[in-house]
Structures are given as structure tokens and as C-alpha cells.
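J.: What follows is protein-v4.csv, made up of CSV, C-alpha atoms:
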chain,number,residue,atom,x,y,z
A,207,MET,CA,32.6,6.3,9.2
A,208,ALA,CA,31.4,5.8,5.6
A,209,GLY,CA,31.7,2.3,4.3
A,210,ARG,CA,31.4,0.6,7.7
A,211,ASP,CA,28.2,-1.1,9.0
A,212,GLU,CA,27.0,-2.1,12.4
A,213,ARG,CA,28.8,-5.4,12.2
A,214,GLY,CA,32.2,-3.7,11.8
A,215,GLY,CA,34.4,-3.7,8.8
A,216,ASN,CA,33.6,-2.5,5.3
A,217,GLY,CA,29.9,-2.9,4.3
A,218,GLN,CA,30.4,-3.3,0.6
A,219,GLY,CA,28.7,-6.4,-0.8
A,220,ARG,CA,27.5,-7.4,2.7
A,221,PRO,CA,24.0,-7.8,4.1
A,222,SER,CA,22.4,-5.2,6.4
A,223,ALA,CA,22.6,-5.5,10.2
A,224,ALA,CA,19.1,-7.0,10.1
A,225,TYR,CA,20.3,-10.0,8.1
A,226,THR,CA,20.3,-13.3,10.1
A,227,GLY,CA,20.1,-16.1,7.6
A,228,HIS,CA,22.0,-17.8,4.9
A,229,ALA,CA,20.7,-19.3,1.6
A,230,ALA,CA,22.2,-21.4,-1.2
A,231,ASP,CA,20.2,-21.9,-4.3
A,232,ASP,CA,21.4,-23.7,-7.5
A,233,GLU,CA,18.4,-22.4,-9.4
A,234,LEU,CA,19.4,-18.8,-8.5
A,235,ALA,CA,23.0,-19.4,-9.8
A,236,VAL,CA,21.6,-20.6,-13.1
A,237,LYS,CA,19.2,-17.7,-13.3
A,238,LEU,CA,21.9,-15.1,-12.6
A,239,SER,CA,24.2,-16.7,-15.2
A,240,GLY,CA,21.4,-16.3,-17.7
A,241,LEU,CA,20.9,-12.8,-16.6
A,242,ALA,CA,24.6,-11.9,-17.1
A,243,ARG,CA,24.4,-13.2,-20.7
A,244,THR,CA,21.2,-11.4,-21.4
A,245,LEU,CA,22.5,-8.1,-20.1
A,246,GLN,CA,25.7,-8.5,-22.1
A,247,GLY,CA,23.6,-8.8,-25.3
A,248,GLU,CA,21.8,-5.4,-24.9
A,249,ASP,CA,22.8,-2.9,-27.6
A,250,THR,CA,23.0,0.3,-25.5
A,251,ALA,CA,23.8,1.4,-22.0
A,252,GLN,CA,20.2,2.6,-21.4
A,253,GLU,CA,18.8,-0.7,-22.7
A,254,THR,CA,21.1,-2.5,-20.2
A,255,LEU,CA,19.8,-0.3,-17.3
A,256,ASP,CA,16.2,-0.9,-18.4
A,257,ALA,CA,16.8,-4.7,-18.5
A,258,ILE,CA,18.4,-4.6,-15.0
A,259,VAL,CA,15.4,-3.1,-13.3
A,260,ALA,CA,12.9,-5.3,-15.1
A,261,ALA,CA,14.9,-8.4,-14.2
A,262,ALA,CA,15.3,-7.2,-10.5
A,263,VAL,CA,11.5,-7.3,-10.1
A,264,ASP,CA,11.4,-10.8,-11.5
A,265,THR,CA,14.3,-12.1,-9.5
A,266,VAL,CA,14.3,-10.6,-6.0
A,267,PRO,CA,11.6,-11.8,-3.6
A,268,GLY,CA,9.2,-9.1,-2.5
A,269,ALA,CA,10.1,-6.5,-5.2
A,270,GLN,CA,7.1,-4.8,-6.9
A,271,HIS,CA,9.2,-2.1,-8.5
A,272,ALA,CA,12.9,-1.4,-9.1
A,273,GLY,CA,15.0,1.6,-10.0
A,274,LEU,CA,18.6,2.5,-10.6
A,275,THR,CA,20.1,5.6,-8.9
A,276,VAL,CA,23.2,6.5,-10.9
A,277,VAL,CA,26.1,8.6,-9.7
A,278,ILE,CA,27.0,11.4,-12.2
A,279,ARG,CA,29.9,13.8,-11.9
A,280,ARG,CA,31.0,11.9,-8.8
A,281,ARG,CA,28.6,13.4,-6.2
A,282,GLU,CA,25.3,14.0,-8.0
A,283,VAL,CA,22.7,11.3,-8.4
A,284,GLU,CA,19.7,10.7,-10.7
A,285,THR,CA,17.3,7.9,-11.5
A,286,GLN,CA,18.2,6.6,-14.9
A,287,ALA,CA,15.9,3.5,-15.1
A,288,ALA,CA,12.7,2.6,-13.4
A,289,THR,CA,9.9,0.0,-13.7
A,290,GLY,CA,7.2,2.6,-13.0
A,291,ASP,CA,6.4,6.3,-12.3
A,292,ILE,CA,6.2,5.5,-8.6
A,293,VAL,CA,9.9,4.9,-8.5
A,294,GLY,CA,10.7,8.4,-9.8
A,295,GLU,CA,8.4,9.9,-7.3
A,296,VAL,CA,9.9,8.1,-4.4
A,297,ASP,CA,13.4,8.8,-5.6
A,298,ARG,CA,12.6,12.5,-6.0
A,299,ALA,CA,11.5,12.6,-2.4
A,300,GLN,CA,14.9,11.2,-1.4
A,301,TYR,CA,16.8,13.7,-3.6
A,302,GLU,CA,14.8,16.7,-2.4
A,303,THR,CA,15.1,15.8,1.3
A,304,GLY,CA,18.7,14.6,1.1
A,305,GLU,CA,17.8,11.4,3.0
A,306,GLY,CA,16.7,7.9,2.4
A,307,PRO,CA,17.9,4.3,1.8
A,308,CYS,CA,19.2,4.7,-1.7
A,309,LEU,CA,21.4,7.7,-0.7
A,310,ASP,CA,22.8,5.7,2.2
A,311,ALA,CA,23.4,2.7,-0.1
A,312,THR,CA,25.1,4.9,-2.6
A,313,TYR,CA,27.3,7.0,-0.4
A,314,GLN,CA,27.8,4.9,2.7
A,315,HIS,CA,28.5,1.7,0.7
A,316,ARG,CA,26.1,-0.6,2.5
A,317,THR,CA,22.9,-2.6,2.0
A,318,VAL,CA,19.8,-0.9,3.5
A,319,ARG,CA,16.6,-2.6,4.4
A,320,LEU,CA,13.6,-0.4,5.3
A,321,SER,CA,10.8,-2.7,6.6
A,322,ASP,CA,8.1,-0.4,7.7
A,323,MET,CA,7.9,3.3,6.5
A,324,THR,CA,5.5,4.2,9.4
A,325,GLN,CA,7.9,3.0,12.0
A,326,GLU,CA,11.2,4.1,10.5
A,327,LYS,CA,13.1,6.8,12.4
A,328,ARG,CA,16.3,7.2,10.3
A,329,TRP,CA,14.7,9.4,7.6
A,330,PRO,CA,11.6,11.1,9.0
A,331,GLU,CA,10.9,13.5,6.2
A,332,PHE,CA,11.5,11.0,3.4
A,333,THR,CA,9.4,8.3,5.0
A,334,ARG,CA,6.5,10.6,5.5
A,335,ARG,CA,6.5,11.4,1.8
A,336,ALA,CA,7.0,7.8,0.8
A,337,VAL,CA,4.0,6.7,2.9
A,338,ASP,CA,1.9,9.3,1.1
A,339,LEU,CA,3.0,7.8,-2.2
A,340,GLY,CA,2.0,4.3,-1.1
A,341,VAL,CA,5.4,2.8,-0.6
A,342,LYS,CA,5.8,0.9,2.7
A,343,SER,CA,9.1,-0.9,2.4
A,344,MET,CA,12.4,-0.7,0.4
A,345,LEU,CA,15.6,-2.5,-0.1
A,346,SER,CA,18.7,-0.8,-1.5
A,347,PHE,CA,22.0,-2.2,-2.7
A,348,GLN,CA,25.1,-0.3,-3.6
A,349,LEU,CA,26.3,-0.9,-7.2
A,350,TYR,CA,30.1,-0.8,-7.4
A,351,VAL,CA,33.0,-2.2,-9.3
A,352,GLN,CA,36.7,-2.2,-8.4
A,353,LYS,CA,37.4,1.2,-9.8
A,354,GLY,CA,34.2,3.1,-8.9
A,355,ASN,CA,30.9,3.7,-7.3
A,356,LEU,CA,28.1,3.4,-9.8
A,357,GLY,CA,25.0,4.1,-7.7
A,358,ALA,CA,22.3,2.0,-6.1
A,359,LEU,CA,19.7,-0.7,-7.1
A,360,ASN,CA,16.5,0.2,-5.2
A,361,LEU,CA,13.6,-2.1,-4.7
A,362,TYR,CA,10.1,-1.0,-3.6
A,363,SER,CA,6.9,-2.5,-2.2
A,364,SER,CA,3.5,-1.3,-1.1
A,365,GLU,CA,3.6,-4.0,1.6
A,366,ASN,CA,5.2,-3.8,5.0
A,367,ASN,CA,8.1,-6.2,5.6
A,368,ALA,CA,8.1,-7.2,2.0
A,369,PHE,CA,11.9,-8.0,2.1
A,370,ASP,CA,13.5,-10.7,4.2
A,371,ASP,CA,16.9,-12.4,4.4
A,372,GLU,CA,16.3,-14.3,1.2
A,373,SER,CA,15.6,-11.0,-0.6
A,374,GLU,CA,18.9,-9.6,0.6
A,375,HIS,CA,20.8,-12.7,-0.4
A,376,VAL,CA,19.4,-12.8,-3.9
A,377,GLY,CA,19.6,-9.0,-4.2
A,378,LEU,CA,23.3,-8.9,-3.3
A,379,LEU,CA,24.1,-11.5,-5.9
A,380,PHE,CA,21.9,-9.7,-8.5
A,381,ALA,CA,23.5,-6.3,-7.7
A,382,ALA,CA,27.0,-7.7,-8.3
A,383,HIS,CA,26.0,-8.9,-11.8
A,384,ALA,CA,24.2,-5.7,-12.5
A,385,ALA,CA,27.2,-3.6,-11.5
A,386,VAL,CA,29.5,-5.5,-13.9
A,387,ALA,CA,26.9,-5.2,-16.7
A,388,MET,CA,26.5,-1.5,-16.1
A,389,SER,CA,30.2,-0.9,-16.1
A,390,GLY,CA,30.7,-2.9,-19.3
A,391,ALA,CA,27.8,-1.2,-21.1
A,392,ARG,CA,29.2,2.2,-20.2
A,393,GLN,CA,32.7,1.3,-21.5
A,394,GLN,CA,31.2,-0.1,-24.7
A,395,GLU,CA,29.2,3.1,-25.3
A,396,GLN,CA,32.1,5.3,-24.6
A,397,LEU,CA,34.2,3.3,-27.1
A,398,ARG,CA,31.4,3.5,-29.7
A,399,ASN,CA,31.1,7.3,-29.2
A,400,ALA,CA,34.9,7.8,-29.4
A,401,LEU,CA,35.0,5.8,-32.7
A,402,ALA,CA,32.1,7.8,-34.1
A,403,VAL,CA,33.8,11.1,-33.2
A,404,ARG,CA,37.0,9.9,-34.8
A,405,ASP,CA,35.3,8.9,-38.0
A,406,LEU,CA,33.4,12.3,-38.1
A,407,ILE,CA,36.7,14.2,-37.7
A,408,GLY,CA,38.2,12.1,-40.4
A,409,GLN,CA,35.4,13.0,-42.8
A,410,ALA,CA,35.8,16.7,-41.9
A,411,LYS,CA,39.5,16.6,-42.5
A,412,GLY,CA,38.9,14.9,-45.9
A,413,VAL,CA,36.6,17.8,-46.9
A,414,LEU,CA,39.2,20.4,-46.0
A,415,MET,CA,42.0,18.4,-47.6
A,416,GLU,CA,40.1,18.1,-50.9
A,417,ARG,CA,38.9,21.7,-50.9
A,418,HIS,CA,42.1,23.5,-49.9
A,419,LYS,CA,44.7,21.0,-50.9
A,420,LEU,CA,45.9,20.6,-47.3
A,421,THR,CA,47.7,17.8,-45.5
A,422,ALA,CA,45.9,15.8,-42.8
A,423,ASP,CA,47.8,17.7,-40.1
A,424,GLN,CA,47.0,21.1,-41.6
A,425,ALA,CA,43.3,20.1,-42.0
A,426,PHE,CA,43.2,19.0,-38.3
A,427,ALA,CA,44.9,22.2,-37.2
A,428,LEU,CA,42.2,24.2,-39.0
A,429,LEU,CA,39.4,22.3,-37.3
A,430,VAL,CA,41.1,22.8,-33.9
A,431,ARG,CA,41.4,26.6,-34.5
A,432,ALA,CA,37.8,26.8,-35.5
A,433,SER,CA,36.8,25.0,-32.4
A,434,GLN,CA,38.9,27.3,-30.2
A,435,GLU,CA,37.7,30.5,-31.8
A,436,THR,CA,34.0,29.7,-31.6
A,437,ASN,CA,34.3,27.9,-28.2
A,438,THR,CA,32.6,24.9,-29.8
A,439,LYS,CA,33.4,21.2,-29.3
A,440,LEU,CA,35.7,19.8,-32.0
A,441,ALA,CA,33.2,17.1,-32.8
A,442,ASP,CA,30.4,19.7,-33.3
A,443,ILE,CA,32.7,21.7,-35.6
A,444,ALA,CA,33.4,18.5,-37.7
A,445,GLU,CA,29.7,17.5,-37.8
A,446,TYR,CA,28.7,21.0,-39.0
A,447,LEU,CA,31.3,20.9,-41.7
A,448,VAL,CA,30.3,17.5,-42.9
A,449,ASP,CA,26.6,18.3,-42.9
A,450,THR,CA,26.8,21.8,-44.4
A,451,GLY,CA,30.2,22.1,-46.1
A,452,VAL,CA,30.8,25.2,-44.1
A,453,LEU,CA,33.7,25.6,-41.5
A,454,ARG,CA,32.5,27.7,-38.6
A,455,ALA,CA,34.5,30.8,-37.9
A,456,ARG,CA,34.5,33.4,-35.1
A,457,GLY,CA,31.0,34.8,-34.7
A,458,ASP,CA,29.2,31.9,-36.4
A,459,ARG,CA,27.9,30.3,-33.2
Could you render the structure from this file as C-alpha cells?
T.:
Amino acid sequence: MAGRDERGGNGQGRPSAAYTGHAADDELAVKLSGLARTLQGEDTAQETLDAIVAAAVDTVPGAQHAGLTVVIRRREVETQAATGDIVGEVDRAQYETGEGPCLDATYQHRTVRLSDMTQEKRWPEFTRRAVDLGVKSMLSFQLYVQKGNLGALNLYSSENNAFDDESEHVGLLFAAHAAVAMSGARQQEQLRNALAVRDLIGQAKGVLMERHKLTADQAFALLVRASQETNTKLADIAEYLVDTGVLRARGDR
């Protein structure tokens, strides 16, 4: 059943079945607090994702590379940030074969540790391709917030058994911070985009009101009609009008 690990219960935010230890590190808490503030200061969602993968390599023991597998349109996934080309190549092998630790972490809501690609039996086609690419171990964490599944944070190493209990402990805490930062960055970007579209439509309405002596409601209705007749997004209609002074009509696409 998805979301349940070998220990029983929901696997979200919990170590893998291989985890046997426990760690407490005040330095880690300070480092993660600093990370949270740093991520909050990034200007765009993509800059936030890039900062997350760079920080993951510096923070989680054993990680040589890191990547973010992001859920789009609920079921599709893609790599949206990576510390090197090898990440994209390994992730492509997972997406093409439909198997691998990052897909399990994303869809089965659990932490996945892959210690030795040559001995791993769970994903035979993927591990064969990963070995050819020079990756020998991986560690994947689901990224989630209360209202949704964001994807997975994936860590990679060219060494066997690169990740241990400390790696999982640190990685789980890091992933929690990363998920909150990702969610916040997305919301901020969506808000900025919405405000930009609103301003653009306002400018377009102003052009029509001045040119045709229309009310604000009449100008907006004209924009909507042009959007429907040309099957073009309202924002694109507004942008074209502001840039060219021309209101698109049927057949102008």
C-alpha cells in the first residue's frame, strides 16, 4: 500500500527500513536554520531550487551530487534542478524505465536508500544503466507539505555505501526545510505572476478606454471577446495590445 514502509504506518518523513541509528547535532540545527533564511531570500522559484541542490551536497554526508525531481500536473515528473549533468542522465534512466529510488520516494511517500547499484534487486533495468553512468549509491527523500506532494530530493555518489544513518537523519531534516522553501517560492512566484497579469490587463483596458471612450467593464468585455474569438489567453491578448496598439480579432492568430 502506497505510503507505508516496512516498519508499518505511514512512511512520510521517516527513515528507511535500513536506518538503525539516532543522531542529535546542535551544529546541524544552526546550519539548517541558516539554510532556511538563505532560501527565503532567493528571488525566484528556480533560484530557490538551485540553492537547495547546492546546499544538499554541502550538508548531507556522502552526497557528491543532488537533484530535485518535481511533480508537475499531479502525476508527471521532471528534474528541475541539478548540481551536474550526471544527475539528469541518471534521472532520465529512471523516467524511461519507470523504476528507481526517486520515483519510489515521490509516489510511495518514503525515504529510499540504495547502497550498492551492483547488488540492488528492486530496480534491475535502472541500476544497470546507473552503473554504466558511474553512480553506485543513492539516497532519495520525498518532498511534501501538508497540502501536496512536491517531488523528491535525490542524492548521488560514485562510491558504494556512501550514505549511512547520519546521512538519512540529516537528509530528512534538510528535506523538510527544502519542501517548505519550495512551496513558499512557488506561492510567491504565482502571486507575482498574477499581479503582473492584472497590471497588464489594466494597461490594455486603459488603451481601449482612451481610444474608444469605453467604461472599464466595457473595455474588459472587449478583451474577453477577443480572447474567446481567437482562442488566445487573455493575458496574451492584453500584452499584444499594449505592445502593438492592436486588438486581435478573429483570424489574427
J.: Out of A:Glu302, A:Glu248, A:Glu435, A:Ala358, which residue has the shortest atom-to-atom distance to Gly273 (chain A) when counting all atoms listed in the file?
T.: A:Ala358
J.: Between CA of Glu365 (chain A) and CA of Ala384 (chain A), measure the distance and give it in Å to one decimal.
T.: 25.0 Å
J.: For Arg454 (chain A), list every protein, DNA or RNA residue within 10 Å, evaluated using all atoms listed in the file, and leave out those in the same chain fewer than 5 positions away; present the list as a PyMOL selection string.
T.: chain A and resi 429+431-433+435-436+438+442-444+446-447+459
J.: So which one's closest to Thr450 (chain A), A:Asp310, A:Ala261, A:Val413, A:Asp423? Using all atoms listed in the file, please.
T.: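 Among the listed residues, A:Val413 lies closest to Thr450 (chain A).
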J.: Kindly assemble as a tab-separated table a list of the region 351-399 of chain A residues that lie within 10 Å of region 341-347 of chain A, each paired with its nearest atom pair and their distance in Å to one decimal, using only C-alpha atoms, sorted first by chain and then by ascending residue number.
T.:
residue	atom	partner	partner_atom	distance
A:Gly357	CA	A:Phe347	CA	8.6
A:Ala358	CA	A:Phe347	CA	5.4
A:Leu359	CA	A:Phe347	CA	5.2
A:Asn360	CA	A:Ser346	CA	4.4
A:Leu361	CA	A:Leu345	CA	5.0
A:Tyr362	CA	A:Met344	CA	4.6
A:Ser363	CA	A:Ser343	CA	5.3
A:Ser364	CA	A:Val341	CA	4.5
A:Glu365	CA	A:Lys342	CA	5.5
A:Asn366	CA	A:Lys342	CA	5.3
A:Asn367	CA	A:Ser343	CA	6.3
A:Ala368	CA	A:Ser343	CA	6.4
A:Phe369	CA	A:Leu345	CA	7.0
A:Asp370	CA	A:Leu345	CA	9.5
A:Ser373	CA	A:Leu345	CA	8.5
A:Glu374	CA	A:Leu345	CA	7.9
A:Gly377	CA	A:Phe347	CA	7.4
A:Leu378	CA	A:Phe347	CA	6.9
A:Phe380	CA	A:Phe347	CA	9.5
A:Ala381	CA	A:Phe347	CA	6.6
A:Ala382	CA	A:Phe347	CA	9.3
J.: Kindly give the distance, in Å, that separates CA of Leu414 (chain A) and CA of Phe426 (chain A), rounded to a single decimal.
T.: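 Taking CA of Leu414 (chain A) as the start and CA of Phe426 (chain A) as the end point, the length is 8.8 Å.
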J.: In terms of the shortest atom-to-atom distance over all atoms listed in the file, which of A:His375, A:His383, A:Arg298, A:Arg392 is closest to Leu238 (chain A)?
T.: A:His383
J.: Find the residue from A:Asp449, A:Glu326, A:Asp297, A:Asp256 that sits nearest to Thr275 (chain A); use all atoms listed in the file when measuring.
T.: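 Using all atoms listed in the file, the shortest distance to Thr275 (chain A) belongs to A:Asp297.
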